[in-house]
Amino acid sequence: DKIYQLTWLNGKMHIYDRKSLALLATHTYKGEGWGLTSDGTKLYMSDGTNYIRVLNPKTMAQERRIGVTLRGESLSHLNELEWIEGSIWANVYLTDYIVEIDPATGKIVGYADLAPLRELLKGNPEAEAMNGIAYNAATKHFYVTGKDWNTLFEIEIIK
């Protein structure tokens, strides 16, 4: 019943009541706020590094960090996060990729190259990096968009 809002550069997380939108609390954190998701129990926060912070939503204390790797190498620029069927999905900022992360190990277990969507943005010269993902559990479709994109795409990822 809460809405969590990260500030990108100010190191603040605002927590609101979902129904009234009343501000309930503000917590501070070190670093940048890039993305946030939840598994229903914990919060998972990205900050542009190769780490995802696991936070206790009651205290906002960091309980652990997940080091994200692709083929044994650290993968940074993890941006928007989405919890989907037991995995964390993230877009990799300044690329056209979204990646599926195993939250237990931090290993990339899948990815999708969304570069073909750029062909559909030709009439949108202001379009910058892809950085928005959401998931519809009922249809199992993703919604993706980007900075200054004039289009929201609904896609299905087939493994």
# chains A, B, ... in the order shown; residues from 1 in each chain; ligands from 1
>>> residues_around(residues="Lys42 (chain A)", least_positions_apart="6", cutoff="7 Å", atoms="only C-alpha atoms", output="list in words")
Val54, Leu55, Asn56 and Pro57 of chain A
>>> select_by_dssp(residues="chain A", states="strand (DSSP E or B)", output="JSON, numbers by chain")
{"A": [2, 3, 4, 5, 6, 12, 13, 14, 15, 16, 17, 23, 24, 25, 26, 27, 28, 35, 36, 37, 38, 43, 44, 45, 46, 51, 52, 53, 54, 55, 62, 63, 64, 65, 66, 67, 69, 70, 73, 74, 78, 79, 80, 81, 82, 83, 84, 87, 88, 89, 90, 91, 92, 97, 98, 99, 100, 101, 107, 108, 109, 110, 111, 112, 113, 130, 131, 132, 133, 134, 135, 136, 141, 142, 143, 144, 145, 146, 153, 154, 155]}
>>> write_last_selection(atoms="C-alpha atoms", output="PDB file, in the first residue's frame")
ATOM      1  CA  LYS A   2       2.971   2.313  -0.530  1.00  0.00           C
ATOM      2  CA  ILE A   3       4.565   4.099  -3.444  1.00  0.00           C
ATOM      3  CA  TYR A   4       8.341   4.534  -3.411  1.00  0.00           C
ATOM      4  CA  GLN A   5      10.039   7.331  -5.334  1.00  0.00           C
ATOM      5  CA  LEU A   6      13.787   7.638  -5.854  1.00  0.00           C
ATOM      6  CA  LYS A  12      16.392  10.669  -1.189  1.00  0.00           C
ATOM      7  CA  MET A  13      13.666   8.054  -1.278  1.00  0.00           C
ATOM      8  CA  HIS A  14      10.159   9.382  -0.694  1.00  0.00           C
ATOM      9  CA  ILE A  15       7.454   7.006   0.517  1.00  0.00           C
ATOM     10  CA  TYR A  16       3.781   7.818  -0.102  1.00  0.00           C
ATOM     11  CA  ASP A  17       0.483   6.276   0.883  1.00  0.00           C
ATOM     12  CA  LEU A  23       4.025  11.681   2.011  1.00  0.00           C
ATOM     13  CA  LEU A  24       4.732   9.174   4.790  1.00  0.00           C
ATOM     14  CA  ALA A  25       8.511   9.357   5.069  1.00  0.00           C
ATOM     15  CA  THR A  26      11.741  10.361   3.373  1.00  0.00           C
ATOM     16  CA  HIS A  27      14.909   8.315   3.708  1.00  0.00           C
ATOM     17  CA  THR A  28      18.392   9.229   2.557  1.00  0.00           C
ATOM     18  CA  GLY A  35      15.767   2.078 -10.482  1.00  0.00           C
ATOM     19  CA  LEU A  36      13.610   0.343  -7.909  1.00  0.00           C
ATOM     20  CA  THR A  37      11.494  -2.791  -7.776  1.00  0.00           C
ATOM     21  CA  SER A  38      10.072  -5.178  -5.209  1.00  0.00           C
ATOM     22  CA  LEU A  43      13.096  -3.607  -2.288  1.00  0.00           C
ATOM     23  CA  TYR A  44      15.778  -3.846  -4.964  1.00  0.00           C
ATOM     24  CA  MET A  45      17.539  -0.621  -5.945  1.00  0.00           C
ATOM     25  CA  SER A  46      19.978   0.157  -8.751  1.00  0.00           C
ATOM     26  CA  TYR A  51      25.374  -3.720  -7.814  1.00  0.00           C
ATOM     27  CA  ILE A  52      21.736  -3.993  -6.853  1.00  0.00           C
ATOM     28  CA  ARG A  53      21.018  -3.104  -3.240  1.00  0.00           C
ATOM     29  CA  VAL A  54      18.526  -5.240  -1.321  1.00  0.00           C
ATOM     30  CA  LEU A  55      16.647  -3.064   1.175  1.00  0.00           C
ATOM     31  CA  GLN A  62      20.590  -2.390   3.161  1.00  0.00           C
ATOM     32  CA  GLU A  63      20.575  -6.124   3.863  1.00  0.00           C
ATOM     33  CA  ARG A  64      22.904  -7.165   1.064  1.00  0.00           C
ATOM     34  CA  ARG A  65      24.177  -6.281  -2.388  1.00  0.00           C
ATOM     35  CA  ILE A  66      23.886  -8.337  -5.533  1.00  0.00           C
ATOM     36  CA  GLY A  67      26.910  -8.089  -7.838  1.00  0.00           C
ATOM     37  CA  THR A  69      27.784 -10.288 -13.915  1.00  0.00           C
ATOM     38  CA  LEU A  70      27.599 -11.296 -17.557  1.00  0.00           C
ATOM     39  CA  GLU A  73      32.402  -9.841 -15.982  1.00  0.00           C
ATOM     40  CA  SER A  74      30.730  -7.060 -13.998  1.00  0.00           C
ATOM     41  CA  LEU A  78      21.761  -1.151 -14.562  1.00  0.00           C
ATOM     42  CA  ASN A  79      18.866   1.256 -14.731  1.00  0.00           C
ATOM     43  CA  GLU A  80      15.129   0.689 -14.544  1.00  0.00           C
ATOM     44  CA  LEU A  81      14.279  -2.507 -12.646  1.00  0.00           C
ATOM     45  CA  GLU A  82      11.265  -4.807 -12.801  1.00  0.00           C
ATOM     46  CA  TRP A  83      10.573  -7.941 -10.725  1.00  0.00           C
ATOM     47  CA  ILE A  84       9.171 -10.574 -13.082  1.00  0.00           C
ATOM     48  CA  SER A  87      13.871 -12.613 -11.689  1.00  0.00           C
ATOM     49  CA  ILE A  88      14.988  -8.999 -11.819  1.00  0.00           C
ATOM     50  CA  TRP A  89      14.867  -7.449 -15.263  1.00  0.00           C
ATOM     51  CA  ALA A  90      16.860  -4.277 -15.931  1.00  0.00           C
ATOM     52  CA  ASN A  91      17.597  -2.121 -18.875  1.00  0.00           C
ATOM     53  CA  VAL A  92      21.287  -1.460 -19.419  1.00  0.00           C
ATOM     54  CA  TYR A  97      19.368  -4.332 -24.090  1.00  0.00           C
ATOM     55  CA  ILE A  98      17.264  -5.486 -21.204  1.00  0.00           C
ATOM     56  CA  VAL A  99      18.689  -8.275 -19.084  1.00  0.00           C
ATOM     57  CA  GLU A 100      17.250 -10.937 -16.811  1.00  0.00           C
ATOM     58  CA  ILE A 101      19.159 -11.228 -13.524  1.00  0.00           C
ATOM     59  CA  LYS A 107      24.238 -13.708 -13.035  1.00  0.00           C
ATOM     60  CA  ILE A 108      22.596 -12.601 -16.261  1.00  0.00           C
ATOM     61  CA  VAL A 109      20.442 -15.561 -17.307  1.00  0.00           C
ATOM     62  CA  GLY A 110      18.758 -13.981 -20.318  1.00  0.00           C
ATOM     63  CA  TYR A 111      18.551 -10.823 -22.380  1.00  0.00           C
ATOM     64  CA  ALA A 112      16.612  -9.148 -25.143  1.00  0.00           C
ATOM     65  CA  ASP A 113      18.080  -6.888 -27.834  1.00  0.00           C
ATOM     66  CA  MET A 130      15.864   3.155 -23.781  1.00  0.00           C
ATOM     67  CA  ASN A 131      15.124   3.269 -20.052  1.00  0.00           C
ATOM     68  CA  GLY A 132      11.594   2.253 -19.187  1.00  0.00           C
ATOM     69  CA  ILE A 133      10.287  -1.249 -18.606  1.00  0.00           C
ATOM     70  CA  ALA A 134       7.110  -2.550 -17.034  1.00  0.00           C
ATOM     71  CA  TYR A 135       5.403  -5.921 -17.030  1.00  0.00           C
ATOM     72  CA  ASN A 136       1.817  -7.071 -17.344  1.00  0.00           C
ATOM     73  CA  HIS A 141       3.965  -8.794 -22.066  1.00  0.00           C
ATOM     74  CA  PHE A 142       6.556  -6.112 -21.446  1.00  0.00           C
ATOM     75  CA  TYR A 143       6.064  -2.394 -21.988  1.00  0.00           C
ATOM     76  CA  VAL A 144       9.223  -0.543 -23.004  1.00  0.00           C
ATOM     77  CA  THR A 145      10.024   3.062 -23.781  1.00  0.00           C
ATOM     78  CA  GLY A 146      12.898   5.526 -23.445  1.00  0.00           C
ATOM     79  CA  PHE A 153       5.901  -0.489 -27.096  1.00  0.00           C
ATOM     80  CA  GLU A 154       4.149  -3.633 -25.916  1.00  0.00           C
ATOM     81  CA  ILE A 155       6.324  -6.645 -26.606  1.00  0.00           C
TER      82      ILE A 155
END
>>> atom_distance(atom1="CA of Glu156 (chain A)", atom2="CA of Leu117 (chain A)")
12.8 Å
>>> atom_distance(atom1="CA of Pro125 (chain A)", atom2="CA of Lys147 (chain A)")
11.4 Å
>>> closest_residue(among="A:Leu21, A:Ala129, A:Leu114, A:Met60", to="His77 (chain A)", atoms="only C-alpha atoms")
A:Ala129
>>> atom_distance(atom1="CA of Ala137 (chain A)", atom2="CA of Ser76 (chain A)")
27.0 Å
>>> closest_residue(among="A:Ala104, A:Leu152, A:Ala138, A:Ile157", to="Leu121 (chain A)", atoms="only C-alpha atoms")
A:Leu152
>>> decode(residues="region 14-40 of chain A", atoms="N, CA and C atoms", output="mmCIF file, in the first residue's frame")
data_model
loop_
_atom_site.group_PDB
_atom_site.id
_atom_site.type_symbol
_atom_site.label_atom_id
_atom_site.label_comp_id
_atom_site.auth_asym_id
_atom_site.auth_seq_id
_atom_site.Cartn_x
_atom_site.Cartn_y
_atom_site.Cartn_z
ATOM 1 N N HIS A 14 11.414 8.926 -1.285
ATOM 2 C CA HIS A 14 10.159 9.382 -0.694
ATOM 3 C C HIS A 14 9.180 8.206 -0.692
ATOM 4 N N ILE A 15 8.438 8.071 0.392
ATOM 5 C CA ILE A 15 7.454 7.006 0.517
ATOM 6 C C ILE A 15 6.090 7.641 0.719
ATOM 7 N N TYR A 16 5.122 7.248 -0.114
ATOM 8 C CA TYR A 16 3.781 7.818 -0.102
ATOM 9 C C TYR A 16 2.744 6.741 0.199
ATOM 10 N N ASP A 17 1.641 7.159 0.750
ATOM 11 C CA ASP A 17 0.483 6.276 0.883
ATOM 12 C C ASP A 17 -0.132 6.104 -0.499
ATOM 13 N N ARG A 18 -0.383 4.869 -0.892
ATOM 14 C CA ARG A 18 -0.893 4.588 -2.243
ATOM 15 C C ARG A 18 -2.248 5.209 -2.516
ATOM 16 N N LYS A 19 -3.107 5.234 -1.523
ATOM 17 C CA LYS A 19 -4.468 5.743 -1.744
ATOM 18 C C LYS A 19 -4.544 7.258 -1.696
ATOM 19 N N SER A 20 -3.970 7.863 -0.680
ATOM 20 C CA SER A 20 -4.100 9.313 -0.510
ATOM 21 C C SER A 20 -2.959 10.100 -1.151
ATOM 22 N N LEU A 21 -1.867 9.412 -1.487
ATOM 23 C CA LEU A 21 -0.636 10.032 -1.995
ATOM 24 C C LEU A 21 0.033 10.945 -0.965
ATOM 25 N N ALA A 22 -0.346 10.812 0.292
ATOM 26 C CA ALA A 22 0.283 11.593 1.363
ATOM 27 C C ALA A 22 1.713 11.095 1.567
ATOM 28 N N LEU A 23 2.636 12.026 1.736
ATOM 29 C CA LEU A 23 4.025 11.681 2.011
ATOM 30 C C LEU A 23 4.119 11.080 3.405
ATOM 31 N N LEU A 24 4.621 9.859 3.507
ATOM 32 C CA LEU A 24 4.732 9.174 4.790
ATOM 33 C C LEU A 24 6.121 9.319 5.398
ATOM 34 N N ALA A 25 7.140 9.299 4.557
ATOM 35 C CA ALA A 25 8.511 9.357 5.069
ATOM 36 C C ALA A 25 9.470 9.691 3.941
ATOM 37 N N THR A 26 10.645 10.155 4.309
ATOM 38 C CA THR A 26 11.741 10.361 3.373
ATOM 39 C C THR A 26 12.988 9.766 4.001
ATOM 40 N N HIS A 27 13.668 8.932 3.254
ATOM 41 C CA HIS A 27 14.909 8.315 3.708
ATOM 42 C C HIS A 27 16.040 8.797 2.812
ATOM 43 N N THR A 28 17.233 8.849 3.352
ATOM 44 C CA THR A 28 18.392 9.229 2.557
ATOM 45 C C THR A 28 19.247 7.993 2.280
ATOM 46 N N TYR A 29 19.977 8.054 1.183
ATOM 47 C CA TYR A 29 20.903 6.990 0.813
ATOM 48 C C TYR A 29 22.085 7.628 0.113
ATOM 49 N N LYS A 30 23.193 6.918 0.073
ATOM 50 C CA LYS A 30 24.384 7.408 -0.622
ATOM 51 C C LYS A 30 24.345 6.952 -2.067
ATOM 52 N N GLY A 31 24.816 7.792 -2.945
ATOM 53 C CA GLY A 31 24.872 7.443 -4.358
ATOM 54 C C GLY A 31 23.663 7.961 -5.106
ATOM 55 N N GLU A 32 23.486 7.410 -6.282
ATOM 56 C CA GLU A 32 22.397 7.820 -7.160
ATOM 57 C C GLU A 32 21.259 6.813 -7.123
ATOM 58 N N GLY A 33 20.055 7.272 -7.424
ATOM 59 C CA GLY A 33 18.884 6.406 -7.511
ATOM 60 C C GLY A 33 18.494 6.211 -8.960
ATOM 61 N N TRP A 34 18.704 5.025 -9.485
ATOM 62 C CA TRP A 34 18.423 4.756 -10.891
ATOM 63 C C TRP A 34 17.154 3.948 -11.094
ATOM 64 N N GLY A 35 16.934 2.931 -10.287
ATOM 65 C CA GLY A 35 15.767 2.078 -10.482
ATOM 66 C C GLY A 35 15.388 1.387 -9.192
ATOM 67 N N LEU A 36 14.122 0.956 -9.126
ATOM 68 C CA LEU A 36 13.610 0.343 -7.909
ATOM 69 C C LEU A 36 12.525 -0.653 -8.273
ATOM 70 N N THR A 37 12.546 -1.804 -7.617
ATOM 71 C CA THR A 37 11.494 -2.791 -7.776
ATOM 72 C C THR A 37 11.323 -3.537 -6.464
ATOM 73 N N SER A 38 10.334 -4.400 -6.417
ATOM 74 C CA SER A 38 10.072 -5.178 -5.209
ATOM 75 C C SER A 38 9.597 -6.574 -5.581
ATOM 76 N N ASP A 39 9.952 -7.528 -4.731
ATOM 77 C CA ASP A 39 9.443 -8.888 -4.877
ATOM 78 C C ASP A 39 8.232 -9.114 -3.983
ATOM 79 N N GLY A 40 7.739 -8.041 -3.356
ATOM 80 C CA GLY A 40 6.627 -8.131 -2.420
ATOM 81 C C GLY A 40 7.092 -8.194 -0.982
#
